[in-house]
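File shown here: target-v7.cif, holding mmCIF, N, CA and C atoms.
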data_work
loop_
_atom_site.label_atom_id
_atom_site.label_comp_id
_atom_site.auth_asym_id
_atom_site.auth_seq_id
_atom_site.Cartn_x
_atom_site.Cartn_y
_atom_site.Cartn_z
N MET U 963 104.86 19.44 -66.19
CA MET U 963 106.12 18.98 -65.61
C MET U 963 106.66 17.83 -66.47
N SER U 964 107.92 17.93 -66.83
CA SER U 964 108.54 16.90 -67.66
C SER U 964 108.78 15.63 -66.86
N ARG U 965 109.02 14.56 -67.58
CA ARG U 965 109.33 13.27 -66.93
C ARG U 965 110.59 13.40 -66.07
N ILE U 966 111.59 14.12 -66.57
CA ILE U 966 112.82 14.33 -65.80
C ILE U 966 112.51 15.09 -64.51
N ASP U 967 111.69 16.13 -64.61
CA ASP U 967 111.31 16.89 -63.42
C ASP U 967 110.58 16.00 -62.41
N GLN U 968 109.70 15.15 -62.91
CA GLN U 968 108.95 14.25 -62.02
C GLN U 968 109.89 13.31 -61.28
N ILE U 969 110.84 12.72 -62.01
CA ILE U 969 111.78 11.79 -61.38
C ILE U 969 112.67 12.52 -60.38
N GLN U 970 113.12 13.72 -60.75
CA GLN U 970 113.95 14.49 -59.83
C GLN U 970 113.20 14.83 -58.54
N GLU U 971 111.92 15.12 -58.65
CA GLU U 971 111.11 15.38 -57.45
C GLU U 971 111.05 14.13 -56.57
N LEU U 972 110.85 12.98 -57.18
CA LEU U 972 110.81 11.73 -56.41
C LEU U 972 112.17 11.44 -55.77
N LEU U 973 113.23 11.78 -56.47
CA LEU U 973 114.58 11.56 -55.92
C LEU U 973 114.88 12.47 -54.73
N LYS U 974 114.21 13.62 -54.66
CA LYS U 974 114.38 14.49 -53.50
C LYS U 974 113.90 13.78 -52.23
N GLU U 975 112.85 12.97 -52.38
CA GLU U 975 112.30 12.23 -51.25
C GLU U 975 113.16 11.02 -50.91
N ASN U 976 113.76 10.41 -51.93
CA ASN U 976 114.57 9.19 -51.72
C ASN U 976 115.76 9.21 -52.68
N PRO U 977 116.78 9.99 -52.35
CA PRO U 977 117.91 10.16 -53.28
C PRO U 977 118.72 8.89 -53.54
N ALA U 978 118.60 7.89 -52.72
CA ALA U 978 119.37 6.65 -52.90
C ALA U 978 118.61 5.60 -53.70
N ASP U 979 117.46 5.94 -54.23
CA ASP U 979 116.64 4.97 -54.96
C ASP U 979 117.28 4.66 -56.32
N SER U 980 117.85 3.49 -56.44
CA SER U 980 118.56 3.10 -57.66
C SER U 980 117.62 3.02 -58.86
N PHE U 981 116.41 2.56 -58.65
CA PHE U 981 115.46 2.47 -59.76
C PHE U 981 115.18 3.86 -60.33
N LEU U 982 114.97 4.84 -59.47
CA LEU U 982 114.70 6.20 -59.93
C LEU U 982 115.93 6.81 -60.61
N GLN U 983 117.09 6.53 -60.07
CA GLN U 983 118.32 7.04 -60.69
C GLN U 983 118.48 6.46 -62.11
N HIS U 984 118.24 5.16 -62.22
CA HIS U 984 118.33 4.50 -63.52
C HIS U 984 117.31 5.10 -64.49
N ALA U 985 116.10 5.31 -64.01
CA ALA U 985 115.05 5.90 -64.86
C ALA U 985 115.44 7.31 -65.29
N LEU U 986 116.03 8.08 -64.40
CA LEU U 986 116.47 9.44 -64.74
C LEU U 986 117.54 9.39 -65.84
N ALA U 987 118.50 8.51 -65.68
CA ALA U 987 119.55 8.38 -66.69
C ALA U 987 118.95 8.01 -68.05
N LEU U 988 118.00 7.10 -68.06
CA LEU U 988 117.36 6.71 -69.32
C LEU U 988 116.59 7.87 -69.95
N GLU U 989 115.98 8.70 -69.13
CA GLU U 989 115.29 9.88 -69.66
C GLU U 989 116.28 10.84 -70.30
N TYR U 990 117.44 11.00 -69.67
CA TYR U 990 118.48 11.84 -70.26
C TYR U 990 118.94 11.26 -71.61
N VAL U 991 119.08 9.94 -71.67
CA VAL U 991 119.46 9.29 -72.93
C VAL U 991 118.42 9.60 -74.00
N LYS U 992 117.14 9.47 -73.65
CA LYS U 992 116.07 9.74 -74.61
C LYS U 992 116.15 11.15 -75.17
N GLN U 993 116.57 12.09 -74.33
CA GLN U 993 116.66 13.49 -74.76
C GLN U 993 117.99 13.82 -75.43
N GLY U 994 118.87 12.83 -75.52
CA GLY U 994 120.16 13.07 -76.14
C GLY U 994 121.16 13.78 -75.24
N ASP U 995 120.88 13.81 -73.96
CA ASP U 995 121.76 14.46 -72.98
C ASP U 995 122.71 13.41 -72.41
N ASP U 996 123.69 13.03 -73.22
CA ASP U 996 124.58 11.94 -72.85
C ASP U 996 125.44 12.25 -71.63
N GLU U 997 125.85 13.49 -71.47
CA GLU U 997 126.71 13.81 -70.32
C GLU U 997 125.97 13.65 -69.00
N ASN U 998 124.74 14.14 -68.91
CA ASN U 998 123.97 13.94 -67.68
C ASN U 998 123.64 12.47 -67.47
N ALA U 999 123.32 11.77 -68.55
CA ALA U 999 123.03 10.34 -68.44
C ALA U 999 124.25 9.60 -67.91
N LYS U 1000 125.41 9.89 -68.47
CA LYS U 1000 126.66 9.25 -68.04
C LYS U 1000 126.92 9.52 -66.57
N HIS U 1001 126.75 10.77 -66.17
CA HIS U 1001 126.97 11.13 -64.76
C HIS U 1001 126.03 10.36 -63.83
N VAL U 1002 124.77 10.28 -64.18
CA VAL U 1002 123.79 9.58 -63.33
C VAL U 1002 124.09 8.09 -63.27
N PHE U 1003 124.38 7.47 -64.43
CA PHE U 1003 124.72 6.04 -64.43
C PHE U 1003 125.96 5.78 -63.58
N GLU U 1004 127.00 6.59 -63.75
CA GLU U 1004 128.24 6.38 -62.99
C GLU U 1004 128.03 6.58 -61.50
N THR U 1005 127.26 7.59 -61.13
CA THR U 1005 126.97 7.84 -59.72
C THR U 1005 126.18 6.67 -59.13
N LEU U 1006 125.20 6.20 -59.87
CA LEU U 1006 124.40 5.05 -59.43
C LEU U 1006 125.28 3.83 -59.21
N LEU U 1007 126.14 3.53 -60.17
CA LEU U 1007 126.96 2.32 -60.07
C LEU U 1007 128.04 2.43 -58.99
N LEU U 1008 128.47 3.63 -58.67
CA LEU U 1008 129.40 3.80 -57.55
C LEU U 1008 128.70 3.49 -56.22
N ALA U 1009 127.47 3.95 -56.10
CA ALA U 1009 126.71 3.74 -54.86
C ALA U 1009 126.14 2.34 -54.76
N ASN U 1010 125.77 1.77 -55.91
CA ASN U 1010 125.12 0.46 -55.93
C ASN U 1010 125.67 -0.36 -57.11
N PRO U 1011 126.86 -0.90 -56.96
CA PRO U 1011 127.48 -1.64 -58.07
C PRO U 1011 126.72 -2.89 -58.49
N ASP U 1012 125.77 -3.34 -57.69
CA ASP U 1012 124.98 -4.52 -58.03
C ASP U 1012 123.77 -4.21 -58.91
N TYR U 1013 123.57 -2.95 -59.27
CA TYR U 1013 122.44 -2.60 -60.13
C TYR U 1013 122.82 -2.90 -61.58
N VAL U 1014 122.75 -4.16 -61.92
CA VAL U 1014 123.34 -4.72 -63.14
C VAL U 1014 122.82 -4.08 -64.43
N GLY U 1015 121.56 -3.74 -64.50
CA GLY U 1015 121.00 -3.19 -65.74
C GLY U 1015 121.67 -1.91 -66.20
N SER U 1016 122.22 -1.15 -65.28
CA SER U 1016 122.84 0.12 -65.65
C SER U 1016 124.15 -0.07 -66.40
N TYR U 1017 124.81 -1.19 -66.21
CA TYR U 1017 126.06 -1.43 -66.93
C TYR U 1017 125.81 -1.47 -68.44
N TYR U 1018 124.77 -2.16 -68.83
CA TYR U 1018 124.44 -2.28 -70.24
C TYR U 1018 124.20 -0.90 -70.86
N HIS U 1019 123.37 -0.11 -70.21
CA HIS U 1019 123.01 1.19 -70.76
C HIS U 1019 124.18 2.17 -70.76
N LEU U 1020 125.00 2.12 -69.71
CA LEU U 1020 126.18 2.98 -69.67
C LEU U 1020 127.16 2.58 -70.78
N ALA U 1021 127.37 1.29 -70.96
CA ALA U 1021 128.27 0.83 -72.02
C ALA U 1021 127.75 1.24 -73.40
N LYS U 1022 126.45 1.09 -73.63
CA LYS U 1022 125.87 1.50 -74.91
C LYS U 1022 126.06 3.00 -75.13
N LEU U 1023 125.92 3.79 -74.09
CA LEU U 1023 126.15 5.22 -74.18
C LEU U 1023 127.60 5.49 -74.61
N HIS U 1024 128.54 4.81 -73.97
CA HIS U 1024 129.95 4.97 -74.36
C HIS U 1024 130.16 4.58 -75.82
N GLU U 1025 129.55 3.51 -76.24
CA GLU U 1025 129.67 3.09 -77.65
C GLU U 1025 129.17 4.19 -78.58
N ARG U 1026 128.00 4.70 -78.29
CA ARG U 1026 127.38 5.72 -79.13
C ARG U 1026 128.24 6.98 -79.22
N CYS U 1027 128.98 7.25 -78.14
CA CYS U 1027 129.83 8.45 -78.09
C CYS U 1027 131.24 8.18 -78.61
N GLY U 1028 131.47 6.97 -79.13
CA GLY U 1028 132.76 6.64 -79.70
C GLY U 1028 133.83 6.28 -78.68
N ARG U 1029 133.42 5.94 -77.49
CA ARG U 1029 134.37 5.56 -76.43
C ARG U 1029 134.34 4.04 -76.25
N GLU U 1030 134.83 3.32 -77.27
CA GLU U 1030 134.75 1.87 -77.27
C GLU U 1030 135.52 1.23 -76.13
N GLU U 1031 136.71 1.74 -75.82
CA GLU U 1031 137.50 1.14 -74.74
C GLU U 1031 136.77 1.24 -73.40
N GLU U 1032 136.15 2.38 -73.17
CA GLU U 1032 135.39 2.55 -71.93
C GLU U 1032 134.17 1.62 -71.93
N ALA U 1033 133.53 1.47 -73.08
CA ALA U 1033 132.38 0.57 -73.19
C ALA U 1033 132.80 -0.86 -72.86
N VAL U 1034 133.95 -1.29 -73.38
CA VAL U 1034 134.45 -2.63 -73.10
C VAL U 1034 134.66 -2.81 -71.60
N ARG U 1035 135.27 -1.83 -70.95
CA ARG U 1035 135.49 -1.93 -69.49
C ARG U 1035 134.18 -2.03 -68.72
N VAL U 1036 133.18 -1.25 -69.14
CA VAL U 1036 131.89 -1.28 -68.46
C VAL U 1036 131.20 -2.63 -68.68
N TYR U 1037 131.22 -3.14 -69.91
CA TYR U 1037 130.64 -4.47 -70.17
C TYR U 1037 131.33 -5.53 -69.31
N GLU U 1038 132.66 -5.49 -69.27
CA GLU U 1038 133.40 -6.50 -68.50
C GLU U 1038 133.05 -6.43 -67.03
N ARG U 1039 132.97 -5.23 -66.49
CA ARG U 1039 132.61 -5.07 -65.06
C ARG U 1039 131.18 -5.56 -64.83
N GLY U 1040 130.29 -5.22 -65.72
CA GLY U 1040 128.90 -5.66 -65.60
C GLY U 1040 128.78 -7.17 -65.65
N MET U 1041 129.54 -7.81 -66.56
CA MET U 1041 129.51 -9.28 -66.64
C MET U 1041 130.04 -9.90 -65.35
N GLU U 1042 131.09 -9.32 -64.81
CA GLU U 1042 131.66 -9.83 -63.57
C GLU U 1042 130.64 -9.76 -62.43
N ILE U 1043 129.98 -8.62 -62.30
CA ILE U 1043 128.97 -8.45 -61.25
C ILE U 1043 127.79 -9.39 -61.48
N ALA U 1044 127.32 -9.47 -62.71
CA ALA U 1044 126.18 -10.35 -63.02
C ALA U 1044 126.51 -11.79 -62.68
N ARG U 1045 127.72 -12.21 -63.00
CA ARG U 1045 128.15 -13.59 -62.70
C ARG U 1045 128.17 -13.80 -61.18
N GLN U 1046 128.71 -12.85 -60.44
CA GLN U 1046 128.76 -12.96 -58.98
C GLN U 1046 127.37 -13.05 -58.37
N LEU U 1047 126.43 -12.33 -58.95
CA LEU U 1047 125.06 -12.30 -58.43
C LEU U 1047 124.19 -13.45 -58.94
N GLY U 1048 124.72 -14.21 -59.89
CA GLY U 1048 123.95 -15.29 -60.48
C GLY U 1048 122.86 -14.78 -61.42
N GLU U 1049 123.05 -13.59 -61.95
CA GLU U 1049 122.08 -12.99 -62.87
C GLU U 1049 122.41 -13.42 -64.30
N GLN U 1050 122.00 -14.62 -64.66
CA GLN U 1050 122.36 -15.21 -65.94
C GLN U 1050 121.81 -14.43 -67.13
N HIS U 1051 120.58 -13.97 -67.03
CA HIS U 1051 119.99 -13.23 -68.15
C HIS U 1051 120.76 -11.93 -68.40
N ALA U 1052 121.04 -11.19 -67.34
CA ALA U 1052 121.81 -9.94 -67.48
C ALA U 1052 123.20 -10.24 -68.02
N TYR U 1053 123.82 -11.30 -67.52
CA TYR U 1053 125.15 -11.68 -68.00
C TYR U 1053 125.11 -11.96 -69.50
N SER U 1054 124.11 -12.70 -69.95
CA SER U 1054 124.00 -13.04 -71.37
C SER U 1054 123.82 -11.80 -72.24
N GLU U 1055 123.00 -10.85 -71.79
CA GLU U 1055 122.79 -9.62 -72.55
C GLU U 1055 124.07 -8.80 -72.63
N LEU U 1056 124.76 -8.68 -71.51
CA LEU U 1056 126.02 -7.95 -71.48
C LEU U 1056 127.05 -8.63 -72.37
N ARG U 1057 127.14 -9.93 -72.28
CA ARG U 1057 128.11 -10.70 -73.07
C ARG U 1057 127.85 -10.55 -74.57
N SER U 1058 126.59 -10.62 -74.94
CA SER U 1058 126.22 -10.48 -76.35
C SER U 1058 126.63 -9.11 -76.90
N ALA U 1059 126.31 -8.06 -76.16
CA ALA U 1059 126.67 -6.71 -76.59
C ALA U 1059 128.18 -6.54 -76.62
N TYR U 1060 128.86 -7.10 -75.63
CA TYR U 1060 130.31 -7.04 -75.55
C TYR U 1060 130.95 -7.73 -76.75
N GLU U 1061 130.51 -8.93 -77.06
CA GLU U 1061 131.06 -9.67 -78.19
C GLU U 1061 130.79 -8.97 -79.51
N TYR U 1062 129.61 -8.38 -79.65
CA TYR U 1062 129.30 -7.63 -80.87
C TYR U 1062 130.25 -6.45 -81.03
N LEU U 1063 130.60 -5.82 -79.95
CA LEU U 1063 131.49 -4.67 -79.99
C LEU U 1063 132.92 -5.06 -80.33
N ILE U 1064 133.41 -6.14 -79.73
CA ILE U 1064 134.83 -6.45 -79.90
C ILE U 1064 135.12 -7.27 -81.15
N TYR U 1065 134.10 -7.86 -81.78
CA TYR U 1065 134.36 -8.67 -82.99
C TYR U 1065 133.96 -7.95 -84.24
#
What is this file in structure tokens?
Amino acid sequence: MSRIDQIQELLKENPADSFLQHALALEYVKQGDDENAKHVFETLLLANPDYVGSYYHLAKLHERCGREEEAVRVYERGMEIARQLGEQHAYSELRSAYEYLIY
């Protein structure tokens, strides 16, 4: 059974588990399946916009696919959420990646 299959089985038991959704999206990224990864990240962030780590990975995915404007929007949203939550480390990582992209 593949890692994706294992995570999907766990998600059947708890479909709202943000950690598992994030892990599934990362597995799709590892396999080069950007469309499924994008879908999972976006679905996760719609249901749980406070899951700050997913903003970074979704924005990086957009960058890799040549969608810089979308990446900028995702970084900006992630920084806003991180600031609201007081997640300074996440904010700094998002800000660094954002600045690297726009400069």
Original post:
Hey, what comes out of the PyMOL selection byres ((chain U and resi 971-986) around 7) on this file? Could you write it as a list of chain:residue names?
Top reply: U:Ile966, U:Asp967, U:Gln968, U:Ile969, U:Gln970, U:Ala987, U:Leu988, U:Glu989, U:Tyr990, U:Val991, U:Ala999, U:Val1002, U:Phe1003, U:Leu1006, U:Ser1016
Subject >> Contacts of Tyr1037 (chain U) within 6.5 Å, all atoms listed in the file, excl. fewer than 3 positions in-chain, as a list in words >> reply: Tyr1017, Tyr1018, Ala1021, Glu1032, Ala1033, Val1034, Gly1040, Met1041, Glu1042, Leu1056 and Tyr1060 of chain U
Subject >> Two-atom distance - atom N of Val1014 (chain U), atom C of Gly1048 (chain U) (Å) >> reply: 10.6 Å
DSSP helix (DSSP H, G or I) residues within chain U, as a short mmCIF file (atom, residue, chain, number, x, y, z; two decimals) with N, CA and C atoms, in the coordinates of the input:
data_model
loop_
_atom_site.label_atom_id
_atom_site.label_comp_id
_atom_site.auth_asym_id
_atom_site.auth_seq_id
_atom_site.Cartn_x
_atom_site.Cartn_y
_atom_site.Cartn_z
N ARG U 965 109.02 14.56 -67.58
CA ARG U 965 109.33 13.27 -66.93
C ARG U 965 110.59 13.40 -66.07
N ILE U 966 111.59 14.12 -66.57
CA ILE U 966 112.82 14.33 -65.80
C ILE U 966 112.51 15.09 -64.51
N ASP U 967 111.69 16.13 -64.61
CA ASP U 967 111.31 16.89 -63.42
C ASP U 967 110.58 16.00 -62.41
N GLN U 968 109.70 15.15 -62.91
CA GLN U 968 108.95 14.25 -62.02
C GLN U 968 109.89 13.31 -61.28
N ILE U 969 110.84 12.72 -62.01
CA ILE U 969 111.78 11.79 -61.38
C ILE U 969 112.67 12.52 -60.38
N GLN U 970 113.12 13.72 -60.75
CA GLN U 970 113.95 14.49 -59.83
C GLN U 970 113.20 14.83 -58.54
N GLU U 971 111.92 15.12 -58.65
CA GLU U 971 111.11 15.38 -57.45
C GLU U 971 111.05 14.13 -56.57
N LEU U 972 110.85 12.98 -57.18
CA LEU U 972 110.81 11.73 -56.41
C LEU U 972 112.17 11.44 -55.77
N LEU U 973 113.23 11.78 -56.47
CA LEU U 973 114.58 11.56 -55.92
C LEU U 973 114.88 12.47 -54.73
N LYS U 974 114.21 13.62 -54.66
CA LYS U 974 114.38 14.49 -53.50
C LYS U 974 113.90 13.78 -52.23
N GLU U 975 112.85 12.97 -52.38
CA GLU U 975 112.30 12.23 -51.25
C GLU U 975 113.16 11.02 -50.91
N SER U 980 117.85 3.49 -56.44
CA SER U 980 118.56 3.10 -57.66
C SER U 980 117.62 3.02 -58.86
N PHE U 981 116.41 2.56 -58.65
CA PHE U 981 115.46 2.47 -59.76
C PHE U 981 115.18 3.86 -60.33
N LEU U 982 114.97 4.84 -59.47
CA LEU U 982 114.70 6.20 -59.93
C LEU U 982 115.93 6.81 -60.61
N GLN U 983 117.09 6.53 -60.07
CA GLN U 983 118.32 7.04 -60.69
C GLN U 983 118.48 6.46 -62.11
N HIS U 984 118.24 5.16 -62.22
CA HIS U 984 118.33 4.50 -63.52
C HIS U 984 117.31 5.10 -64.49
N ALA U 985 116.10 5.31 -64.01
CA ALA U 985 115.05 5.90 -64.86
C ALA U 985 115.44 7.31 -65.29
N LEU U 986 116.03 8.08 -64.40
CA LEU U 986 116.47 9.44 -64.74
C LEU U 986 117.54 9.39 -65.84
N ALA U 987 118.50 8.51 -65.68
CA ALA U 987 119.55 8.38 -66.69
C ALA U 987 118.95 8.01 -68.05
N LEU U 988 118.00 7.10 -68.06
CA LEU U 988 117.36 6.71 -69.32
C LEU U 988 116.59 7.87 -69.95
N GLU U 989 115.98 8.70 -69.13
CA GLU U 989 115.29 9.88 -69.66
C GLU U 989 116.28 10.84 -70.30
N TYR U 990 117.44 11.00 -69.67
CA TYR U 990 118.48 11.84 -70.26
C TYR U 990 118.94 11.26 -71.61
N VAL U 991 119.08 9.94 -71.67
CA VAL U 991 119.46 9.29 -72.93
C VAL U 991 118.42 9.60 -74.00
N LYS U 992 117.14 9.47 -73.65
CA LYS U 992 116.07 9.74 -74.61
C LYS U 992 116.15 11.15 -75.17
N ASP U 996 123.69 13.03 -73.22
CA ASP U 996 124.58 11.94 -72.85
C ASP U 996 125.44 12.25 -71.63
N GLU U 997 125.85 13.49 -71.47
CA GLU U 997 126.71 13.81 -70.32
C GLU U 997 125.97 13.65 -69.00
N ASN U 998 124.74 14.14 -68.91
CA ASN U 998 123.97 13.94 -67.68
C ASN U 998 123.64 12.47 -67.47
N ALA U 999 123.32 11.77 -68.55
CA ALA U 999 123.03 10.34 -68.44
C ALA U 999 124.25 9.60 -67.91
N LYS U 1000 125.41 9.89 -68.47
CA LYS U 1000 126.66 9.25 -68.04
C LYS U 1000 126.92 9.52 -66.57
N HIS U 1001 126.75 10.77 -66.17
CA HIS U 1001 126.97 11.13 -64.76
C HIS U 1001 126.03 10.36 -63.83
N VAL U 1002 124.77 10.28 -64.18
CA VAL U 1002 123.79 9.58 -63.33
C VAL U 1002 124.09 8.09 -63.27
N PHE U 1003 124.38 7.47 -64.43
CA PHE U 1003 124.72 6.04 -64.43
C PHE U 1003 125.96 5.78 -63.58
N GLU U 1004 127.00 6.59 -63.75
CA GLU U 1004 128.24 6.38 -62.99
C GLU U 1004 128.03 6.58 -61.50
N THR U 1005 127.26 7.59 -61.13
CA THR U 1005 126.97 7.84 -59.72
C THR U 1005 126.18 6.67 -59.13
N LEU U 1006 125.20 6.20 -59.87
CA LEU U 1006 124.40 5.05 -59.43
C LEU U 1006 125.28 3.83 -59.21
N LEU U 1007 126.14 3.53 -60.17
CA LEU U 1007 126.96 2.32 -60.07
C LEU U 1007 128.04 2.43 -58.99
N LEU U 1008 128.47 3.63 -58.67
CA LEU U 1008 129.40 3.80 -57.55
C LEU U 1008 128.70 3.49 -56.22
N ALA U 1009 127.47 3.95 -56.10
CA ALA U 1009 126.71 3.74 -54.86
C ALA U 1009 126.14 2.34 -54.76
N GLY U 1015 121.56 -3.74 -64.50
CA GLY U 1015 121.00 -3.19 -65.74
C GLY U 1015 121.67 -1.91 -66.20
N SER U 1016 122.22 -1.15 -65.28
CA SER U 1016 122.84 0.12 -65.65
C SER U 1016 124.15 -0.07 -66.40
N TYR U 1017 124.81 -1.19 -66.21
CA TYR U 1017 126.06 -1.43 -66.93
C TYR U 1017 125.81 -1.47 -68.44
N TYR U 1018 124.77 -2.16 -68.83
CA TYR U 1018 124.44 -2.28 -70.24
C TYR U 1018 124.20 -0.90 -70.86
N HIS U 1019 123.37 -0.11 -70.21
CA HIS U 1019 123.01 1.19 -70.76
C HIS U 1019 124.18 2.17 -70.76
N LEU U 1020 125.00 2.12 -69.71
CA LEU U 1020 126.18 2.98 -69.67
C LEU U 1020 127.16 2.58 -70.78
N ALA U 1021 127.37 1.29 -70.96
CA ALA U 1021 128.27 0.83 -72.02
C ALA U 1021 127.75 1.24 -73.40
N LYS U 1022 126.45 1.09 -73.63
CA LYS U 1022 125.87 1.50 -74.91
C LYS U 1022 126.06 3.00 -75.13
N LEU U 1023 125.92 3.79 -74.09
CA LEU U 1023 126.15 5.22 -74.18
C LEU U 1023 127.60 5.49 -74.61
N HIS U 1024 128.54 4.81 -73.97
CA HIS U 1024 129.95 4.97 -74.36
C HIS U 1024 130.16 4.58 -75.82
N GLU U 1025 129.55 3.51 -76.24
CA GLU U 1025 129.67 3.09 -77.65
C GLU U 1025 129.17 4.19 -78.58
N ARG U 1026 128.00 4.70 -78.29
CA ARG U 1026 127.38 5.72 -79.13
C ARG U 1026 128.24 6.98 -79.22
N GLU U 1030 134.83 3.32 -77.27
CA GLU U 1030 134.75 1.87 -77.27
C GLU U 1030 135.52 1.23 -76.13
N GLU U 1031 136.71 1.74 -75.82
CA GLU U 1031 137.50 1.14 -74.74
C GLU U 1031 136.77 1.24 -73.40
N GLU U 1032 136.15 2.38 -73.17
CA GLU U 1032 135.39 2.55 -71.93
C GLU U 1032 134.17 1.62 -71.93
N ALA U 1033 133.53 1.47 -73.08
CA ALA U 1033 132.38 0.57 -73.19
C ALA U 1033 132.80 -0.86 -72.86
N VAL U 1034 133.95 -1.29 -73.38
CA VAL U 1034 134.45 -2.63 -73.10
C VAL U 1034 134.66 -2.81 -71.60
N ARG U 1035 135.27 -1.83 -70.95
CA ARG U 1035 135.49 -1.93 -69.49
C ARG U 1035 134.18 -2.03 -68.72
N VAL U 1036 133.18 -1.25 -69.14
CA VAL U 1036 131.89 -1.28 -68.46
C VAL U 1036 131.20 -2.63 -68.68
N TYR U 1037 131.22 -3.14 -69.91
CA TYR U 1037 130.64 -4.47 -70.17
C TYR U 1037 131.33 -5.53 -69.31
N GLU U 1038 132.66 -5.49 -69.27
CA GLU U 1038 133.40 -6.50 -68.50
C GLU U 1038 133.05 -6.43 -67.03
N ARG U 1039 132.97 -5.23 -66.49
CA ARG U 1039 132.61 -5.07 -65.06
C ARG U 1039 131.18 -5.56 -64.83
N GLY U 1040 130.29 -5.22 -65.72
CA GLY U 1040 128.90 -5.66 -65.60
C GLY U 1040 128.78 -7.17 -65.65
N MET U 1041 129.54 -7.81 -66.56
CA MET U 1041 129.51 -9.28 -66.64
C MET U 1041 130.04 -9.90 -65.35
N GLU U 1042 131.09 -9.32 -64.81
CA GLU U 1042 131.66 -9.83 -63.57
C GLU U 1042 130.64 -9.76 -62.43
N ILE U 1043 129.98 -8.62 -62.30
CA ILE U 1043 128.97 -8.45 -61.25
C ILE U 1043 127.79 -9.39 -61.48
N ALA U 1044 127.32 -9.47 -62.71
CA ALA U 1044 126.18 -10.35 -63.02
C ALA U 1044 126.51 -11.79 -62.68
N ARG U 1045 127.72 -12.21 -63.00
CA ARG U 1045 128.15 -13.59 -62.70
C ARG U 1045 128.17 -13.80 -61.18
N GLN U 1046 128.71 -12.85 -60.44
CA GLN U 1046 128.76 -12.96 -58.98
C GLN U 1046 127.37 -13.05 -58.37
N LEU U 1047 126.43 -12.33 -58.95
CA LEU U 1047 125.06 -12.30 -58.43
C LEU U 1047 124.19 -13.45 -58.94
N GLN U 1050 122.00 -14.62 -64.66
CA GLN U 1050 122.36 -15.21 -65.94
C GLN U 1050 121.81 -14.43 -67.13
N HIS U 1051 120.58 -13.97 -67.03
CA HIS U 1051 119.99 -13.23 -68.15
C HIS U 1051 120.76 -11.93 -68.40
N ALA U 1052 121.04 -11.19 -67.34
CA ALA U 1052 121.81 -9.94 -67.48
C ALA U 1052 123.20 -10.24 -68.02
N TYR U 1053 123.82 -11.30 -67.52
CA TYR U 1053 125.15 -11.68 -68.00
C TYR U 1053 125.11 -11.96 -69.50
N SER U 1054 124.11 -12.70 -69.95
CA SER U 1054 124.00 -13.04 -71.37
C SER U 1054 123.82 -11.80 -72.24
N GLU U 1055 123.00 -10.85 -71.79
CA GLU U 1055 122.79 -9.62 -72.55
C GLU U 1055 124.07 -8.80 -72.63
N LEU U 1056 124.76 -8.68 -71.51
CA LEU U 1056 126.02 -7.95 -71.48
C LEU U 1056 127.05 -8.63 -72.37
N ARG U 1057 127.14 -9.93 -72.28
CA ARG U 1057 128.11 -10.70 -73.07
C ARG U 1057 127.85 -10.55 -74.57
N SER U 1058 126.59 -10.62 -74.94
CA SER U 1058 126.22 -10.48 -76.35
C SER U 1058 126.63 -9.11 -76.90
N ALA U 1059 126.31 -8.06 -76.16
CA ALA U 1059 126.67 -6.71 -76.59
C ALA U 1059 128.18 -6.54 -76.62
N TYR U 1060 128.86 -7.10 -75.63
CA TYR U 1060 130.31 -7.04 -75.55
C TYR U 1060 130.95 -7.73 -76.75
N GLU U 1061 130.51 -8.93 -77.06
CA GLU U 1061 131.06 -9.67 -78.19
C GLU U 1061 130.79 -8.97 -79.51
N TYR U 1062 129.61 -8.38 -79.65
CA TYR U 1062 129.30 -7.63 -80.87
C TYR U 1062 130.25 -6.45 -81.03
N LEU U 1063 130.60 -5.82 -79.95
CA LEU U 1063 131.49 -4.67 -79.99
C LEU U 1063 132.92 -5.06 -80.33
N ILE U 1064 133.41 -6.14 -79.73
CA ILE U 1064 134.83 -6.45 -79.90
C ILE U 1064 135.12 -7.27 -81.15
#
Original post:
Interatomic distance between atom N of Lys1000 (chain U) and CA of Glu1025 (chain U)?
Top reply: 12.2 Å
